[in-house]
>>> print(open('entry-v3.cif').read())   # mmCIF, C-alpha atoms
data_protein
loop_
_atom_site.group_PDB
_atom_site.id
_atom_site.type_symbol
_atom_site.label_atom_id
_atom_site.label_comp_id
_atom_site.auth_asym_id
_atom_site.auth_seq_id
_atom_site.Cartn_x
_atom_site.Cartn_y
_atom_site.Cartn_z
ATOM 1 C CA MET A 1 -0.908 20.681 -13.907
ATOM 2 C CA ALA A 2 -1.808 22.072 -17.344
ATOM 3 C CA THR A 3 -1.792 25.811 -16.600
ATOM 4 C CA SER A 4 -2.964 26.720 -20.120
ATOM 5 C CA GLN A 5 -6.328 25.101 -19.324
ATOM 6 C CA LEU A 6 -6.930 27.010 -16.072
ATOM 7 C CA ASN A 7 -8.204 30.477 -15.368
ATOM 8 C CA GLU A 8 -6.568 32.565 -12.640
ATOM 9 C CA GLU A 9 -8.943 31.449 -9.874
ATOM 10 C CA GLN A 10 -8.537 27.799 -10.804
ATOM 11 C CA LEU A 11 -4.769 28.202 -10.842
ATOM 12 C CA LYS A 12 -4.851 29.745 -7.357
ATOM 13 C CA ASP A 13 -6.815 26.740 -6.095
ATOM 14 C CA ALA A 14 -4.433 24.331 -7.812
ATOM 15 C CA LEU A 15 -1.388 26.060 -6.300
ATOM 16 C CA CYS A 16 -2.966 25.772 -2.855
ATOM 17 C CA GLU A 17 -3.050 22.009 -3.415
ATOM 18 C CA VAL A 18 0.595 22.131 -4.511
ATOM 19 C CA ARG A 19 1.536 23.822 -1.231
ATOM 20 C CA LYS A 20 -0.373 21.193 0.727
ATOM 21 C CA ALA A 21 1.361 18.458 -1.249
ATOM 22 C CA HIS A 22 4.828 19.827 -0.522
ATOM 23 C CA ARG A 23 4.119 20.041 3.202
ATOM 24 C CA LEU A 24 2.747 16.504 3.191
ATOM 25 C CA VAL A 25 5.852 15.256 1.365
ATOM 26 C CA TYR A 26 8.001 17.008 3.995
ATOM 27 C CA GLU A 27 6.262 15.090 6.791
ATOM 28 C CA TYR A 28 6.467 11.849 4.828
ATOM 29 C CA GLN A 29 10.178 12.245 4.123
ATOM 30 C CA ARG A 30 10.934 13.061 7.756
ATOM 31 C CA ARG A 31 9.243 9.788 8.679
ATOM 32 C CA MET A 32 11.281 7.891 6.071
ATOM 33 C CA GLN A 33 14.533 9.389 7.358
ATOM 34 C CA ASP A 34 13.642 8.366 10.892
ATOM 35 C CA LEU A 35 12.650 4.868 9.737
ATOM 36 C CA SER A 36 15.826 4.270 7.732
ATOM 37 C CA TRP A 37 18.020 5.579 10.565
ATOM 38 C CA PHE A 38 16.220 3.332 13.055
ATOM 39 C CA ILE A 39 16.747 0.288 10.812
ATOM 40 C CA ARG A 40 20.399 1.149 10.278
ATOM 41 C CA ASN A 41 21.030 1.339 14.032
ATOM 42 C CA LYS A 42 19.016 -1.788 14.894
ATOM 43 C CA LEU A 43 20.972 -3.809 12.333
ATOM 44 C CA GLY A 44 24.273 -2.460 13.662
ATOM 45 C CA PHE A 45 25.616 -0.878 10.479
ATOM 46 C CA ASN A 46 27.953 2.108 10.542
ATOM 47 C CA GLU A 47 27.265 3.887 7.270
ATOM 48 C CA TYR A 48 24.349 5.987 6.086
ATOM 49 C CA LYS A 49 24.552 7.032 2.455
ATOM 50 C CA GLY A 50 21.816 7.920 0.003
ATOM 51 C CA PHE A 51 21.373 7.512 -3.736
ATOM 52 C CA LYS A 52 18.592 8.911 -5.852
ATOM 53 C CA LYS A 53 16.792 6.362 -8.011
ATOM 54 C CA PHE A 54 14.171 6.398 -10.806
ATOM 55 C CA SER A 55 15.813 9.389 -12.506
ATOM 56 C CA ALA A 56 19.065 11.310 -12.460
ATOM 57 C CA PRO A 57 20.165 13.327 -9.434
ATOM 58 C CA LEU A 58 20.737 17.021 -9.919
ATOM 59 C CA SER A 59 24.309 18.136 -10.410
ATOM 60 C CA SER A 60 26.262 19.016 -7.270
ATOM 61 C CA ARG A 61 27.393 22.126 -9.170
ATOM 62 C CA ASN A 62 23.799 23.312 -9.476
ATOM 63 C CA THR A 63 23.907 22.925 -13.245
ATOM 64 C CA ILE A 64 20.470 22.122 -14.566
ATOM 65 C CA SER A 65 18.960 21.776 -18.006
ATOM 66 C CA VAL A 66 15.576 22.354 -19.534
ATOM 67 C CA ASP A 67 15.815 18.692 -20.542
ATOM 68 C CA ASN A 68 15.968 17.499 -16.917
ATOM 69 C CA TRP A 69 13.040 15.329 -15.982
ATOM 70 C CA SER A 70 10.764 16.838 -13.342
ATOM 71 C CA TRP A 71 11.455 13.647 -11.370
ATOM 72 C CA ASP A 72 15.070 14.788 -11.021
ATOM 73 C CA TRP A 73 13.909 17.271 -8.375
ATOM 74 C CA ILE A 74 11.856 14.719 -6.424
ATOM 75 C CA TYR A 75 14.393 12.698 -4.458
ATOM 76 C CA SER A 76 11.870 11.022 -2.187
ATOM 77 C CA TYR A 77 10.065 9.216 -5.032
ATOM 78 C CA VAL A 78 12.480 6.266 -5.146
ATOM 79 C CA TYR A 79 15.540 6.410 -2.925
ATOM 80 C CA GLU A 80 18.264 4.091 -1.654
ATOM 81 C CA TYR A 81 19.587 4.205 1.905
ATOM 82 C CA TYR A 82 22.885 2.344 1.985
ATOM 83 C CA MET A 83 23.671 0.970 5.450
ATOM 84 C CA GLY A 84 27.191 -0.316 4.931
ATOM 85 C CA GLU A 85 29.054 -3.617 5.094
ATOM 86 C CA GLN A 86 29.700 -6.246 7.740
ATOM 87 C CA SER A 87 31.987 -9.254 7.610
ATOM 88 C CA GLU A 88 32.978 -12.431 9.396
ATOM 89 C CA LYS A 89 36.171 -14.222 8.433
ATOM 90 C CA ASP A 90 36.233 -14.340 4.602
ATOM 91 C CA TYR A 91 32.500 -13.635 4.212
ATOM 92 C CA CYS A 92 31.000 -10.173 3.918
ATOM 93 C CA TRP A 93 27.577 -8.680 3.305
ATOM 94 C CA LYS A 94 26.106 -5.264 2.702
ATOM 95 C CA VAL A 95 22.596 -3.947 3.053
ATOM 96 C CA SER A 96 20.445 -1.198 1.578
ATOM 97 C CA ILE A 97 16.806 -0.384 1.917
ATOM 98 C CA PHE A 98 14.856 1.209 -0.899
ATOM 99 C CA GLN A 99 12.057 3.693 -0.427
ATOM 100 C CA VAL A 100 9.602 3.178 -3.295
ATOM 101 C CA SER A 101 6.936 5.810 -2.788
ATOM 102 C CA ASP A 102 4.823 4.691 -5.741
ATOM 103 C CA THR A 103 4.849 1.372 -7.586
ATOM 104 C CA GLY A 104 2.605 2.706 -10.375
ATOM 105 C CA PHE A 105 5.315 2.852 -13.033
ATOM 106 C CA TYR A 106 6.704 -0.575 -12.142
ATOM 107 C CA LYS A 107 3.244 -2.132 -12.146
ATOM 108 C CA ASN A 108 2.568 -0.938 -15.700
ATOM 109 C CA ARG A 109 6.141 -1.306 -16.962
ATOM 110 C CA GLY A 110 5.171 -4.309 -19.092
ATOM 111 C CA ASN A 111 2.262 -2.375 -20.593
ATOM 112 C CA GLY A 112 4.222 0.515 -22.046
ATOM 113 C CA ALA A 113 4.521 2.772 -18.989
ATOM 114 C CA ARG A 114 6.975 5.621 -19.477
ATOM 115 C CA GLN A 115 8.686 7.384 -16.608
ATOM 116 C CA THR A 116 7.891 10.852 -17.972
ATOM 117 C CA LYS A 117 4.238 10.056 -18.753
ATOM 118 C CA ILE A 118 2.431 9.655 -15.448
ATOM 119 C CA ASN A 119 -0.841 8.934 -17.246
ATOM 120 C CA THR A 120 0.739 5.597 -18.262
ATOM 121 C CA PHE A 121 1.299 4.577 -14.609
ATOM 122 C CA ALA A 122 -1.121 2.286 -12.808
ATOM 123 C CA ASP A 123 -3.815 4.192 -10.926
ATOM 124 C CA VAL A 124 -2.697 5.364 -7.478
ATOM 125 C CA LYS A 125 -5.347 3.211 -5.803
ATOM 126 C CA GLU A 126 -4.026 0.156 -7.633
ATOM 127 C CA SER A 127 -0.421 1.008 -6.759
ATOM 128 C CA ASP A 128 1.447 0.740 -3.483
ATOM 129 C CA SER A 129 4.292 2.247 -1.463
ATOM 130 C CA LYS A 130 7.099 -0.120 -0.526
ATOM 131 C CA VAL A 131 10.202 -0.630 1.544
ATOM 132 C CA ILE A 132 12.569 -3.119 -0.082
ATOM 133 C CA PHE A 133 15.391 -4.638 1.965
ATOM 134 C CA TYR A 134 18.370 -5.778 -0.082
ATOM 135 C CA LEU A 135 21.287 -7.857 1.183
ATOM 136 C CA SER A 136 24.170 -9.014 -0.980
ATOM 137 C CA ALA A 137 26.601 -11.524 0.538
ATOM 138 C CA ALA A 138 29.777 -13.013 -0.889
ATOM 139 C CA THR A 139 33.230 -14.217 -0.029
ATOM 140 C CA LYS A 140 35.691 -11.343 -0.067
ATOM 141 C CA SER A 141 37.461 -12.888 -3.048
ATOM 142 C CA ALA A 142 34.314 -13.422 -5.103
ATOM 143 C CA LYS A 143 34.274 -11.449 -8.329
ATOM 144 C CA GLU A 144 30.490 -11.884 -8.481
ATOM 145 C CA TYR A 145 29.955 -9.475 -5.588
ATOM 146 C CA ASP A 146 27.894 -7.052 -7.675
ATOM 147 C CA TRP A 147 25.414 -4.461 -6.474
ATOM 148 C CA ASP A 148 22.733 -4.002 -9.117
ATOM 149 C CA THR A 149 20.199 -1.953 -7.184
ATOM 150 C CA ASP A 150 18.305 -0.517 -10.150
ATOM 151 C CA ASN A 151 17.314 -3.952 -11.414
ATOM 152 C CA ILE A 152 16.426 -5.111 -7.908
ATOM 153 C CA ILE A 153 13.922 -2.257 -7.624
ATOM 154 C CA LYS A 154 12.477 -2.932 -11.079
ATOM 155 C CA GLU A 155 12.046 -6.644 -10.442
ATOM 156 C CA TYR A 156 10.716 -6.623 -6.898
ATOM 157 C CA ALA A 157 8.852 -3.325 -6.393
ATOM 158 C CA ILE A 158 5.492 -4.923 -7.194
ATOM 159 C CA GLN A 159 6.117 -8.171 -5.330
ATOM 160 C CA ASP A 160 5.742 -8.944 -1.635
ATOM 161 C CA GLY A 161 7.790 -11.229 0.566
ATOM 162 C CA PHE A 162 11.235 -12.828 0.533
ATOM 163 C CA PHE A 163 13.295 -13.715 -2.517
ATOM 164 C CA LYS A 164 16.643 -15.486 -2.666
ATOM 165 C CA ILE A 165 18.908 -14.967 -5.672
ATOM 166 C CA GLU A 166 21.763 -17.458 -5.712
ATOM 167 C CA ASN A 167 24.103 -16.461 -8.510
ATOM 168 C CA THR A 168 26.836 -18.806 -7.304
ATOM 169 C CA PRO A 169 27.563 -20.500 -3.968
ATOM 170 C CA LYS A 170 29.907 -17.573 -3.342
ATOM 171 C CA HIS A 171 27.335 -14.851 -3.982
ATOM 172 C CA ILE A 172 23.794 -14.755 -2.596
ATOM 173 C CA GLN A 173 21.331 -11.873 -2.662
ATOM 174 C CA ILE A 174 18.244 -11.548 -0.476
ATOM 175 C CA VAL A 175 15.310 -9.264 -1.256
ATOM 176 C CA TYR A 176 12.483 -8.560 1.187
ATOM 177 C CA SER A 177 9.708 -6.397 -0.261
ATOM 178 C CA VAL A 178 7.246 -5.026 2.293
ATOM 179 C CA PRO A 179 4.319 -2.584 1.930
ATOM 180 C CA LEU A 180 5.201 0.657 3.684
ATOM 181 C CA SER A 181 1.843 0.551 5.465
ATOM 182 C CA LYS A 182 3.172 -2.381 7.522
ATOM 183 C CA PHE A 183 5.646 -0.061 9.303
ATOM 184 C CA VAL A 184 2.907 1.316 11.501
ATOM 185 C CA SER A 185 4.682 1.191 14.882
ATOM 186 C CA GLU A 186 8.022 0.382 16.474
ATOM 187 C CA GLU A 187 6.702 -3.045 17.427
ATOM 188 C CA ALA A 188 5.673 -3.740 13.833
ATOM 189 C CA ILE A 189 9.043 -2.545 12.546
ATOM 190 C CA MET A 190 10.884 -4.844 14.949
ATOM 191 C CA LEU A 191 8.846 -7.851 13.779
ATOM 192 C CA ILE A 192 9.771 -7.049 10.170
ATOM 193 C CA LEU A 193 13.444 -6.671 11.094
ATOM 194 C CA ARG A 194 13.500 -9.946 13.003
ATOM 195 C CA ASP A 195 11.964 -11.760 10.036
ATOM 196 C CA PHE A 196 14.601 -10.198 7.749
ATOM 197 C CA VAL A 197 17.489 -11.114 10.039
ATOM 198 C CA GLU A 198 16.262 -14.676 10.525
ATOM 199 C CA TYR A 199 15.752 -15.243 6.796
ATOM 200 C CA CYS A 200 19.137 -13.788 5.818
ATOM 201 C CA ASN A 201 21.055 -15.718 8.457
ATOM 202 C CA LYS A 202 19.384 -18.965 7.393
ATOM 203 C CA ASN A 203 19.504 -18.494 3.617
ATOM 204 C CA ALA A 204 22.615 -16.386 2.991
ATOM 205 C CA GLY A 205 24.944 -17.680 5.699
ATOM 206 C CA VAL A 206 25.422 -14.228 7.210
ATOM 207 C CA ASN A 207 25.433 -13.222 10.878
ATOM 208 C CA LEU A 208 23.060 -10.281 11.126
ATOM 209 C CA LYS A 209 22.144 -9.286 14.672
ATOM 210 C CA ILE A 210 19.469 -7.060 16.132
ATOM 211 C CA GLN A 211 20.968 -4.444 18.427
ATOM 212 C CA GLU A 212 18.788 -4.361 21.542
#
>>> encode(input="entry-v3.cif", output="structure tokens")
Amino acid sequence: MATSQLNEEQLKDALCEVRKAHRLVYEYQRRMQDLSWFIRNKLGFNEYKGFKKFSAPLSSRNTISVDNWSWDWIYSYVYEYYMGEQSEKDYCWKVSIFQVSDTGFYKNRGNGARQTKINTFADVKESDSKVIFYLSAATKSAKEYDWDTDNIIKEYAIQDGFFKIENTPKHIQIVYSVPLSKFVSEEAIMLILRDFVEYCNKNAGVNLKIQE
């Protein structure tokens, strides 16, 4: 919002839209919290941690800088919900889901998009909102048990479907990228979860279970 180009009445109208936007984001984020909590419980995990993505989180000491990106204040833009770890014998796996509210930057990343220049993002109508499931499975002794979530988001935000990344026989990663619009009801969510569980169990050798 370029305030230098607005008169007072125009600025009042623009700020009304800002208020509407914040209230809409509140409702959206409440829905995302409920969705991620539902998924966590249905998959039987016992952790629920969050990590801000796309830009830096604000300091826990409330120290800010004029050089902070505006994105640093917008936690819901791209966010990771970490569900925890499960294991069976010497094999273990952990799961996160990523909330990608806008794929516009990722879609234009190869065409010079910059995170602080939203006019370089793909148009909102050509972009999407995504939920990305990420499972990483490995033997407990495997040194390759990495957790590179930033690159997972960059690589798969603009793709749909299942992807298997087999680094070694001891370390397999599964990515399931789904448009957020597909999570329209509890029945639809359960179908997505069952597909995820079935694919992971078959392709990563894990033992995910839906909690009924």
>>> closest_residue(input="entry-v3.cif", among="A:Leu180, A:Ile132, A:Leu15, A:Ala122", to="Tyr82 of chain A", atoms="all atoms listed in the file")
A:Ile132
>>> closest_residue(input="entry-v3.cif", among="A:Ile158, A:Val178, A:Leu135, A:Val18", to="Lys107 of chain A", atoms="all atoms listed in the file")
A:Ile158
>>> atom_distance(input="entry-v3.cif", atom1="atom CA of Trp69 of chain A", atom2="atom CA of Val175 of chain A")
28.8 Å
>>> resolve_selection(input="entry-v3.cif", expression="the PyMOL selection byres ((chain A and resi 200) around 12)", output="PyMOL selection string")
chain A and resi 93-95+133-137+162-165+172-176+193-199+201-209
>>> resolve_selection(input="entry-v3.cif", expression="the PyMOL selection byres ((chain A and resi 183) around 12)", output="ChimeraX atom specification")
/A:31-32,34-36,38-39,129-131,178-182,184-193
>>> closest_residue(input="entry-v3.cif", among="A:Val100, A:Cys16, A:Val66, A:Leu6", to="Ser127 of chain A", atoms="all atoms listed in the file")
A:Val100
>>> closest_residue(input="entry-v3.cif", among="A:Asn7, A:Tyr75, A:Ser59, A:Phe105", to="Asp123 of chain A", atoms="only C-alpha atoms")
A:Phe105
>>> closest_residue(input="entry-v3.cif", among="A:Gln10, A:Ser70, A:Gln33, A:Asn151", to="Ala56 of chain A", atoms="all atoms listed in the file")
A:Ser70
>>> closest_residue(input="entry-v3.cif", among="A:Leu24, A:Glu88, A:Arg61, A:Lys154", to="Gly110 of chain A", atoms="all atoms listed in the file")
A:Lys154
